[in-house]
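Asker: The file below is entry-v7.csv, CSV, C-alpha atoms:
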```
chain,number,residue,atom,x,y,z
A,1,MET,CA,-18.2,-15.1,2.8
A,2,GLY,CA,-21.8,-14.7,3.5
A,3,VAL,CA,-22.5,-18.4,2.4
A,4,THR,CA,-20.2,-21.1,3.8
A,5,ASN,CA,-19.4,-19.1,6.9
A,6,LYS,CA,-23.2,-19.0,7.8
A,7,THR,CA,-23.7,-22.8,7.7
A,8,PRO,CA,-24.4,-24.7,10.9
A,9,GLU,CA,-21.1,-26.5,10.5
A,10,PHE,CA,-19.1,-23.3,10.4
A,11,LEU,CA,-21.1,-21.6,13.2
A,12,LYS,CA,-20.1,-24.5,15.5
A,13,MET,CA,-16.5,-23.4,15.0
A,14,ASN,CA,-17.2,-19.7,15.3
A,15,PRO,CA,-20.7,-18.8,16.6
A,16,ILE,CA,-20.6,-15.3,15.0
A,17,GLY,CA,-19.6,-16.6,11.6
A,18,LYS,CA,-16.4,-14.6,11.2
A,19,VAL,CA,-13.1,-15.6,9.7
A,20,PRO,CA,-10.3,-16.6,10.2
A,21,VAL,CA,-10.9,-20.0,12.0
A,22,LEU,CA,-8.2,-22.6,12.5
A,23,GLU,CA,-9.2,-26.2,12.6
A,24,THR,CA,-6.9,-28.2,14.9
A,25,PRO,CA,-6.9,-31.9,16.0
A,26,ASP,CA,-8.1,-30.6,19.4
A,27,GLY,CA,-10.8,-28.3,18.1
A,28,PRO,CA,-11.3,-25.0,16.3
A,29,ILE,CA,-9.8,-21.6,17.2
A,30,PHE,CA,-11.1,-18.3,16.1
A,31,GLU,CA,-9.8,-14.7,16.4
A,32,SER,CA,-6.5,-14.0,14.5
A,33,ASN,CA,-4.4,-13.1,17.5
A,34,ALA,CA,-5.4,-16.3,19.4
A,35,ILE,CA,-4.6,-18.3,16.2
A,36,ALA,CA,-1.2,-16.6,16.0
A,37,ARG,CA,-0.4,-17.3,19.7
A,38,TYR,CA,-1.4,-21.0,19.2
A,39,VAL,CA,0.8,-21.4,16.2
A,40,ALA,CA,3.7,-19.7,17.9
A,41,ARG,CA,3.4,-22.0,20.9
A,42,LEU,CA,3.5,-25.2,18.8
A,43,LYS,CA,7.3,-24.8,18.9
A,44,ALA,CA,8.8,-25.2,22.4
A,45,ASP,CA,10.8,-22.2,23.6
A,46,ASN,CA,9.9,-20.3,20.4
A,47,PRO,CA,11.9,-17.0,20.5
A,48,LEU,CA,8.8,-15.3,18.9
A,49,LEU,CA,7.3,-15.4,22.4
A,50,GLY,CA,10.2,-14.0,24.3
A,51,SER,CA,13.0,-15.5,26.4
A,52,SER,CA,11.9,-14.2,29.8
A,53,LEU,CA,8.7,-13.6,31.7
A,54,ILE,CA,9.0,-9.8,31.3
A,55,ASP,CA,9.7,-10.2,27.5
A,56,SER,CA,6.6,-12.3,27.2
A,57,ALA,CA,4.5,-9.7,29.0
A,58,HIS,CA,5.9,-7.0,26.8
A,59,ILE,CA,5.1,-9.0,23.7
A,60,GLU,CA,1.5,-9.4,24.9
A,61,GLN,CA,1.4,-5.7,25.7
A,62,TRP,CA,2.3,-4.7,22.2
A,63,ILE,CA,-0.1,-7.2,20.6
A,64,ASP,CA,-2.9,-5.7,22.6
A,65,PHE,CA,-1.7,-2.2,21.7
A,66,SER,CA,-1.5,-3.1,18.0
A,67,SER,CA,-5.1,-4.5,18.0
A,68,LEU,CA,-6.8,-2.0,20.2
A,69,GLU,CA,-5.0,1.3,19.3
A,70,ILE,CA,-3.7,0.8,15.8
A,71,ASP,CA,-5.9,-1.7,14.0
A,72,THR,CA,-9.2,-0.6,15.6
A,73,ASN,CA,-8.6,3.1,14.7
A,74,ILE,CA,-7.4,2.3,11.1
A,75,LEU,CA,-10.6,0.4,10.6
A,76,ARG,CA,-12.8,3.1,12.2
A,77,TRP,CA,-11.3,5.5,9.6
A,78,PHE,CA,-11.2,3.2,6.6
A,79,ILE,CA,-14.4,1.1,6.7
A,80,PRO,CA,-16.9,4.0,6.5
A,81,ARG,CA,-15.0,5.5,3.6
A,82,VAL,CA,-15.4,2.4,1.5
A,83,GLY,CA,-19.1,2.0,2.2
A,84,PHE,CA,-19.2,-0.8,4.8
A,85,ALA,CA,-20.4,1.5,7.6
A,86,VAL,CA,-22.2,4.8,7.9
A,87,TYR,CA,-19.8,7.7,7.3
A,88,LEU,CA,-19.9,10.3,10.1
A,89,PRO,CA,-17.3,13.1,9.9
A,90,GLN,CA,-17.1,13.6,13.6
A,91,ALA,CA,-16.5,9.8,14.1
A,92,GLU,CA,-13.8,10.0,11.5
A,93,GLU,CA,-12.1,12.9,13.2
A,94,ALA,CA,-12.1,11.0,16.5
A,95,ALA,CA,-10.6,7.9,14.8
A,96,ILE,CA,-7.8,9.9,13.2
A,97,ALA,CA,-7.1,11.7,16.5
A,98,SER,CA,-6.9,8.4,18.3
A,99,LEU,CA,-4.7,6.8,15.6
A,100,LYS,CA,-2.3,9.7,15.6
A,101,ARG,CA,-2.0,9.5,19.4
A,102,ALA,CA,-1.2,5.7,19.1
A,103,LEU,CA,1.3,6.2,16.3
A,104,ALA,CA,3.0,9.0,18.3
A,105,ALA,CA,3.4,6.6,21.2
A,106,LEU,CA,4.7,3.9,18.9
A,107,ASN,CA,7.1,6.4,17.2
A,108,THR,CA,8.6,7.3,20.6
A,109,HIS,CA,9.2,3.7,21.4
A,110,LEU,CA,10.8,3.0,18.0
A,111,ALA,CA,13.1,6.0,18.3
A,112,SER,CA,15.4,3.8,20.4
A,113,ASN,CA,14.3,0.3,19.5
A,114,THR,CA,14.6,-1.7,16.2
A,115,TYR,CA,11.9,-4.1,17.3
A,116,LEU,CA,9.0,-3.8,19.7
A,117,VAL,CA,10.6,-6.2,22.2
A,118,GLY,CA,14.3,-7.2,22.5
A,119,HIS,CA,16.7,-7.5,19.6
A,120,SER,CA,14.9,-9.7,17.2
A,121,VAL,CA,11.5,-10.2,15.6
A,122,THR,CA,8.7,-11.4,17.9
A,123,LEU,CA,5.1,-12.2,17.6
A,124,ALA,CA,4.3,-8.6,18.5
A,125,ASP,CA,6.2,-7.4,15.4
A,126,ILE,CA,4.4,-9.8,13.1
A,127,ILE,CA,1.0,-8.7,14.4
A,128,MET,CA,1.9,-5.0,14.4
A,129,THR,CA,3.3,-5.2,10.8
A,130,CYS,CA,0.2,-7.0,9.6
A,131,ASN,CA,-2.1,-4.3,11.2
A,132,LEU,CA,0.0,-1.5,9.8
A,133,THR,CA,0.0,-3.0,6.3
A,134,LEU,CA,-3.7,-2.4,5.9
A,135,GLY,CA,-3.2,1.2,6.9
A,136,PHE,CA,-0.1,1.9,4.8
A,137,SER,CA,-1.5,0.3,1.7
A,138,ARG,CA,-5.1,1.6,1.8
A,139,ILE,CA,-5.4,4.9,3.7
A,140,LEU,CA,-2.1,6.2,5.4
A,141,THR,CA,-0.5,8.4,2.8
A,142,LYS,CA,3.1,9.7,2.9
A,143,SER,CA,1.9,13.1,4.1
A,144,PHE,CA,0.2,11.4,7.0
A,145,THR,CA,2.9,9.0,8.1
A,146,SER,CA,5.8,11.5,7.6
A,147,GLU,CA,4.9,12.8,11.1
A,148,PHE,CA,6.1,9.4,12.5
A,149,PRO,CA,9.5,8.7,10.8
A,150,HIS,CA,10.5,5.9,13.2
A,151,VAL,CA,7.2,4.1,12.5
A,152,GLU,CA,7.9,4.5,8.8
A,153,ARG,CA,11.4,3.1,9.2
A,154,TYR,CA,10.1,0.2,11.3
A,155,PHE,CA,7.3,-0.7,8.8
A,156,TRP,CA,9.4,-0.6,5.7
A,157,THR,CA,12.2,-2.5,7.4
A,158,MET,CA,9.8,-5.2,8.5
A,159,VAL,CA,7.9,-5.7,5.2
A,160,ASN,CA,11.3,-6.0,3.4
A,161,ILE,CA,12.4,-8.9,5.6
A,162,PRO,CA,12.4,-11.9,3.2
A,163,ASN,CA,9.9,-14.0,5.2
A,164,PHE,CA,7.5,-11.1,5.6
A,165,ARG,CA,7.8,-10.2,1.9
A,166,LYS,CA,7.1,-13.8,0.9
A,167,ILE,CA,3.7,-13.5,2.6
A,168,LEU,CA,2.7,-9.9,2.2
A,169,GLY,CA,4.2,-9.3,-1.2
A,170,GLU,CA,5.3,-5.9,-2.4
A,171,ILE,CA,3.7,-3.1,-0.4
A,172,LYS,CA,3.0,0.2,-2.0
A,173,GLN,CA,1.9,3.1,0.1
A,174,ALA,CA,-1.5,4.7,-0.5
A,175,GLU,CA,-1.3,7.8,-2.6
A,176,SER,CA,-4.6,9.2,-1.5
A,177,VAL,CA,-7.3,8.7,1.1
A,178,PRO,CA,-10.2,6.8,-0.4
A,179,PRO,CA,-13.1,9.1,-1.2
A,180,VAL,CA,-16.3,8.6,0.7
A,181,GLN,CA,-18.6,6.4,-1.3
A,182,SER,CA,-21.9,8.3,-1.7
A,183,ALA,CA,-24.9,6.5,-0.4
A,184,LYS,CA,-27.5,5.3,-2.9
A,185,LYS,CA,-30.4,7.8,-3.1
A,186,PRO,CA,-33.9,6.4,-2.7
A,187,THR,CA,-36.0,6.3,-5.9
A,188,GLN,CA,-38.2,9.3,-6.0
A,189,SER,CA,-41.8,9.0,-6.9
A,190,LYS,CA,-43.0,10.7,-10.0
A,191,GLU,CA,-44.2,14.3,-9.5
A,192,PRO,CA,-47.6,15.4,-10.7
A,193,ALA,CA,-47.9,17.4,-13.9
A,194,LYS,CA,-48.2,20.6,-12.1
A,195,PRO,CA,-44.6,21.0,-11.0
A,196,LYS,CA,-43.4,19.5,-14.3
A,197,ALA,CA,-44.0,22.8,-16.0
A,198,GLN,CA,-42.1,24.6,-13.4
A,199,ALA,CA,-39.1,22.3,-13.9
A,200,GLU,CA,-38.6,23.4,-17.5
A,201,PRO,CA,-37.4,26.9,-16.7
A,202,LYS,CA,-35.1,25.5,-14.0
A,203,LYS,CA,-33.5,23.2,-16.6
A,204,GLU,CA,-33.0,26.2,-18.9
A,205,SER,CA,-31.4,28.2,-16.2
A,206,ALA,CA,-29.2,25.2,-15.4
A,207,LYS,CA,-28.1,25.0,-19.0
A,208,GLU,CA,-27.4,28.7,-19.1
A,209,THR,CA,-25.2,28.5,-16.0
A,210,ALA,CA,-23.6,25.3,-17.2
A,211,LYS,CA,-22.4,26.8,-20.5
A,212,PRO,CA,-19.6,29.0,-19.2
A,213,LYS,CA,-18.5,26.0,-17.1
A,214,VAL,CA,-18.1,23.9,-20.2
A,215,GLU,CA,-16.2,26.7,-21.8
A,216,ASP,CA,-14.0,27.0,-18.8
A,217,ALA,CA,-13.4,23.2,-18.8
A,218,GLY,CA,-12.4,23.4,-22.4
A,219,GLU,CA,-9.8,26.0,-21.5
A,220,GLU,CA,-8.5,23.9,-18.6
A,221,GLU,CA,-8.1,20.9,-20.8
A,222,ALA,CA,-5.4,22.7,-22.8
A,223,PRO,CA,-2.2,20.8,-22.1
A,224,LYS,CA,0.0,22.6,-19.6
A,225,PRO,CA,3.8,22.4,-19.8
A,226,LYS,CA,5.2,20.0,-17.2
A,227,PRO,CA,7.0,22.0,-14.5
A,228,LYS,CA,10.7,21.6,-14.7
A,229,ASN,CA,12.7,20.3,-11.8
A,230,PRO,CA,14.7,23.2,-10.3
A,231,LEU,CA,17.9,21.2,-10.9
A,232,ASP,CA,17.2,21.2,-14.6
A,233,LEU,CA,17.3,25.1,-14.5
A,234,LEU,CA,20.9,25.2,-13.0
A,235,PRO,CA,23.7,26.4,-15.3
A,236,PRO,CA,25.2,23.5,-17.4
A,237,SER,CA,27.9,21.5,-15.7
A,238,LYS,CA,31.0,20.2,-17.2
A,239,MET,CA,30.4,16.9,-15.3
A,240,ILE,CA,28.2,14.5,-17.2
A,241,LEU,CA,26.8,12.2,-14.5
A,242,ASP,CA,26.0,9.4,-16.8
A,243,GLU,CA,29.6,9.3,-18.1
A,244,TRP,CA,30.8,8.9,-14.5
A,245,LYS,CA,28.3,6.2,-13.8
A,246,ARG,CA,29.5,4.3,-16.9
A,247,LEU,CA,33.1,4.7,-15.9
A,248,TYR,CA,32.3,3.4,-12.4
A,249,SER,CA,30.4,0.4,-13.8
A,250,ASN,CA,32.9,-0.6,-16.5
A,251,THR,CA,36.1,-0.3,-14.5
A,252,LYS,CA,37.0,-3.8,-13.4
A,253,THR,CA,40.7,-3.5,-12.7
A,254,ASN,CA,43.0,-0.7,-11.5
A,255,PHE,CA,40.0,1.0,-9.9
A,256,ARG,CA,42.0,3.6,-8.1
A,257,GLU,CA,44.1,4.5,-11.1
A,258,VAL,CA,41.2,4.5,-13.6
A,259,ALA,CA,37.8,5.2,-11.9
A,260,ILE,CA,38.9,7.3,-8.9
A,261,LYS,CA,41.2,9.4,-11.0
A,262,GLY,CA,38.5,9.7,-13.6
A,263,PHE,CA,36.0,10.9,-11.0
A,264,TRP,CA,38.2,13.7,-9.8
A,265,ASP,CA,39.0,14.7,-13.3
A,266,MET,CA,35.3,14.9,-14.1
A,267,TYR,CA,34.1,16.4,-10.8
A,268,ASP,CA,32.6,19.9,-11.1
A,269,PRO,CA,32.5,21.5,-7.6
A,270,GLU,CA,30.3,24.4,-9.0
A,271,GLY,CA,27.7,22.1,-10.5
A,272,TYR,CA,27.7,19.3,-7.9
A,273,SER,CA,28.3,18.8,-4.2
A,274,LEU,CA,29.5,15.8,-2.2
A,275,TRP,CA,27.9,14.8,1.1
A,276,PHE,CA,28.8,12.3,3.9
A,277,CYS,CA,25.9,10.7,5.8
A,278,ASP,CA,26.0,8.8,9.0
A,279,TYR,CA,23.0,6.8,10.3
A,280,LYS,CA,21.7,8.3,13.6
A,281,TYR,CA,20.6,5.0,15.2
A,282,ASN,CA,23.6,2.6,14.6
A,283,ASP,CA,23.1,1.1,18.0
A,284,GLU,CA,19.9,-0.5,16.6
A,285,ASN,CA,21.8,-2.3,13.9
A,286,THR,CA,22.1,-5.6,15.8
A,287,VAL,CA,20.9,-8.0,13.1
A,288,SER,CA,22.9,-8.1,9.8
A,289,PHE,CA,20.1,-8.9,7.4
A,290,VAL,CA,17.8,-6.3,8.9
A,291,THR,CA,20.5,-3.7,8.6
A,292,LEU,CA,21.1,-4.6,4.9
A,293,ASN,CA,17.4,-4.5,4.2
A,294,LYS,CA,17.2,-1.1,5.8
A,295,VAL,CA,19.9,0.2,3.5
A,296,GLY,CA,18.4,-1.5,0.5
A,297,GLY,CA,15.0,0.1,1.2
A,298,PHE,CA,16.6,3.5,1.4
A,299,LEU,CA,18.2,3.1,-2.0
A,300,GLN,CA,14.9,1.9,-3.5
A,301,ARG,CA,13.2,5.0,-2.2
A,302,MET,CA,15.9,7.2,-3.6
A,303,ASP,CA,15.0,6.2,-7.2
A,304,LEU,CA,13.3,9.5,-7.7
A,305,ALA,CA,16.8,11.1,-7.6
A,306,ARG,CA,18.5,8.8,-10.1
A,307,LYS,CA,18.9,11.5,-12.7
A,308,TYR,CA,20.6,13.9,-10.2
A,309,ALA,CA,22.6,11.7,-7.8
A,310,PHE,CA,25.2,9.0,-7.3
A,311,GLY,CA,25.7,7.2,-3.9
A,312,LYS,CA,27.7,4.7,-2.0
A,313,MET,CA,26.4,3.1,1.2
A,314,LEU,CA,28.7,1.1,3.4
A,315,VAL,CA,27.6,-1.3,6.2
A,316,ILE,CA,30.7,-1.4,8.5
A,317,GLY,CA,31.7,-4.0,11.1
A,318,SER,CA,32.2,-7.7,11.5
A,319,GLU,CA,29.9,-7.9,14.5
A,320,PRO,CA,26.9,-5.9,15.7
A,321,PRO,CA,26.1,-3.2,16.1
A,322,PHE,CA,26.9,-2.4,12.5
A,323,ARG,CA,27.6,1.1,11.4
A,324,VAL,CA,25.9,2.6,8.3
A,325,LYS,CA,27.7,5.4,6.5
A,326,GLY,CA,27.3,6.8,3.0
A,327,LEU,CA,28.7,9.2,0.4
A,328,TRP,CA,26.4,11.0,-2.0
A,329,LEU,CA,27.0,13.2,-5.1
A,330,PHE,CA,24.1,15.6,-5.7
A,331,ARG,CA,23.4,18.1,-8.5
A,332,GLY,CA,23.7,21.6,-7.1
A,333,GLN,CA,25.2,22.9,-3.9
A,334,GLU,CA,22.6,21.6,-1.4
A,335,ILE,CA,20.8,18.4,-0.9
A,336,PRO,CA,17.8,18.8,-3.3
A,337,GLN,CA,14.7,19.8,-1.5
A,338,PHE,CA,12.4,17.4,-3.4
A,339,ILE,CA,14.5,14.5,-2.1
A,340,MET,CA,14.3,15.8,1.5
A,341,ASP,CA,10.5,16.1,1.1
A,342,GLU,CA,9.8,12.7,-0.5
A,343,CYS,CA,12.4,10.3,1.0
A,344,TYR,CA,11.8,10.0,4.7
A,345,ASP,CA,15.1,8.1,5.2
A,346,MET,CA,17.0,11.4,4.8
A,347,GLU,CA,15.9,12.4,8.3
A,348,LEU,CA,17.4,9.3,9.7
A,349,TYR,CA,20.9,10.4,8.8
A,350,ASP,CA,23.3,13.2,9.8
A,351,TRP,CA,24.5,15.0,6.7
A,352,LYS,CA,27.8,16.8,6.3
A,353,LYS,CA,29.0,18.5,3.2
A,354,VAL,CA,32.4,17.4,1.9
A,355,ASP,CA,35.2,20.0,1.8
A,356,ILE,CA,37.3,18.8,-1.1
A,357,ASN,CA,40.1,21.2,-0.1
A,358,ASP,CA,40.6,19.0,2.9
A,359,GLU,CA,42.8,16.2,1.7
A,360,ALA,CA,41.7,13.8,4.4
A,361,GLN,CA,38.0,14.3,3.4
A,362,LYS,CA,38.9,13.9,-0.3
A,363,GLU,CA,40.8,10.6,0.5
A,364,ARG,CA,37.7,9.4,2.4
A,365,VAL,CA,35.6,10.1,-0.6
A,366,SER,CA,37.9,8.0,-2.8
A,367,GLN,CA,37.9,5.1,-0.3
A,368,MET,CA,34.1,5.1,-0.1
A,369,ILE,CA,33.8,5.0,-3.8
A,370,GLU,CA,36.2,2.1,-4.2
A,371,ASP,CA,34.9,0.1,-1.2
A,372,HIS,CA,38.3,0.3,0.4
A,373,GLU,CA,38.8,-2.3,3.1
A,374,PRO,CA,39.4,-2.0,6.0
A,375,PHE,CA,37.4,1.2,6.1
A,376,GLU,CA,38.3,3.4,9.1
A,377,GLY,CA,39.9,0.3,10.7
A,378,GLU,CA,37.0,-2.1,10.3
A,379,ALA,CA,35.8,-4.7,7.8
A,380,LEU,CA,32.9,-4.1,5.4
A,381,LEU,CA,29.9,-6.2,5.9
A,382,ASP,CA,28.5,-4.9,2.6
A,383,ALA,CA,28.8,-2.0,0.1
A,384,LYS,CA,25.9,-0.8,-2.0
A,385,CYS,CA,25.9,1.6,-4.9
A,386,PHE,CA,23.2,3.9,-6.2
A,387,LYS,CA,23.7,4.8,-9.8
```
What would you get if you wrote out this structure as structure tokens?
Answerer:
Amino acid sequence: MGVTNKTPEFLKMNPIGKVPVLETPDGPIFESNAIARYVARLKADNPLLGSSLIDSAHIEQWIDFSSLEIDTNILRWFIPRVGFAVYLPQAEEAAIASLKRALAALNTHLASNTYLVGHSVTLADIIMTCNLTLGFSRILTKSFTSEFPHVERYFWTMVNIPNFRKILGEIKQAESVPPVQSAKKPTQSKEPAKPKAQAEPKKESAKETAKPKVEDAGEEEAPKPKPKNPLDLLPPSKMILDEWKRLYSNTKTNFREVAIKGFWDMYDPEGYSLWFCDYKYNDENTVSFVTLNKVGGFLQRMDLARKYAFGKMLVIGSEPPFRVKGLWLFRGQEIPQFIMDECYDMELYDWKKVDINDEAQKERVSQMIEDHEPFEGEALLDAKCFK
């Protein structure tokens, strides 16, 4: 950049010297959306472009929305902070407000749609995901995106689709907003000798005021004890979670007689609680691999709870829409608050505490642990374990 893209040869392909540019047998194409449309149209009747006139129009609609409302406002927020444009607080506030408005509209649409258009990935999803990737990875922190849970679900589902992951790699969400890069201060001319004498007492006073700060800093540097997780402060439980996980993993035969019996022998209803969960948007689960990726992403994001939880997630049905149901064992009598705060997927499920005095619920727990099939009269597409 800044060299080959300014040559006469390159400027013939794109007169303003920007990338990307696609060279084709029929001539060059610039602007990323135009390139994406061209590539998609190389294949006749490409489903990425929709199967009807209205679908095609909606795909174009969301491509424009993604570029003008999402990408533009992410860049208006991000670019000045990393020093590529003048930083103006009022302009940043306007960009954030516009971005929140756009994400709220997108969130409303995704509340009842797995994809932007229809029941499979289209060019609109590809462009939207690419534009969101910059935001999620560089400036949109969890505290910002948690206001838009359906956008979060959509984004993490899309980037975990194998073909997306192959190109984008592993995406990690930004932990903080980039600090504003301070502008370089102009070199100051030397002052005459007259004010130099006046500067000395200022330095002395600066030193005097600085001393207590240094002392305070020394006190602050003393190591502080790491705050304990509230679950570690609960009374000891007779159930040792790791022992149950080992029993589950090592039982290969007679699972009902060995592992399930062992679970109920170990289970401590005072130290642990069991919970059923039911995905709120099962009607969206029309594509098997997307549904499986959705569940897999949930389990990855639950890693922070590994010390305090065990879970089974079942994807049920031999044809769409697939139903996602789960069983979770948590330390304590409620779902731990830090899990509710940190794992946005929790809000996508309805949660019900298991009453182990109800034999029907107790049997359902046993069936979910052992991947009993058929489950509730249907085949299992998959069963995943968190341990």
Asker: So the first atom is atom CA of A:Asn46 and the second is atom CA of A:Thr122; what is the distance between them in Å, to one decimal place?
Answerer: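 Value for the atom CA of A:Asn46-atom CA of A:Thr122 distance: 9.3 Å.
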Asker: What lies within 10 Å of A:Thr129 using only C-alpha atoms, ignoring chain neighbours under 5 positions off, as number ranges by chain?
Answerer: A: 66, 123-124, 134-136, 154-159, 164, 168
Asker: Please provide the set of residues having any atom within 10 Å of stretch 71-75 of chain A, restricted to only C-alpha atoms, with same-chain residues fewer than 5 positions apart removed, written as a list in words.
Answerer: Asp64, Phe65, Ser66, Pro80, Arg81, Glu92, Ala94, Ala95, Ile96, Ala97, Ser98, Leu99, Lys100, Ala102, Ile127, Met128, Cys130, Asn131, Leu132, Thr133, Leu134, Gly135, Phe136, Arg138, Ile139 and Leu140 of chain A
Asker: Record the distance separating atom CA of A:Lys142 and atom CA of A:Asp283, expressed in Å with one decimal.
Answerer: 26.5 Å
Asker: Using Å and a single decimal, report how far atom CA of A:Val82 sits from atom CA of A:Ser176.
Answerer: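 About the pair atom CA of A:Ser176 and atom CA of A:Val82: they are 13.1 Å apart.
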Asker: Nearest to A:Ser366 among A:Ala57, A:Val21, A:Val354, A:Val86, with distances taken over only C-alpha atoms: which residue is it?
Answerer: A:Val354
Asker: Quick one: residues within 9 Å of A:Leu116, all atoms listed in the file counted, chain neighbours fewer than 4 positions away excluded, as a list of chain:residue names?
Answerer: A:His58, A:Ile59, A:Trp62, A:Leu106, A:His109, A:Leu110, A:Ser120, A:Val121, A:Thr122, A:Ala124, A:Asp125, A:Met128
Asker: Can you tell me which residues surround A:Cys277 at a distance of at most 7 Å, considering only C-alpha atoms, apart from same-chain residues fewer than 6 positions away, and format the answer as a ChimeraX atom specification?
Answerer: /A:325-327,349-352
Asker: Tell me which of A:Val287, A:Arg364, A:Pro162, A:Gln333 sits closest to A:Pro321, counting only C-alpha atoms.
Answerer: A:Val287
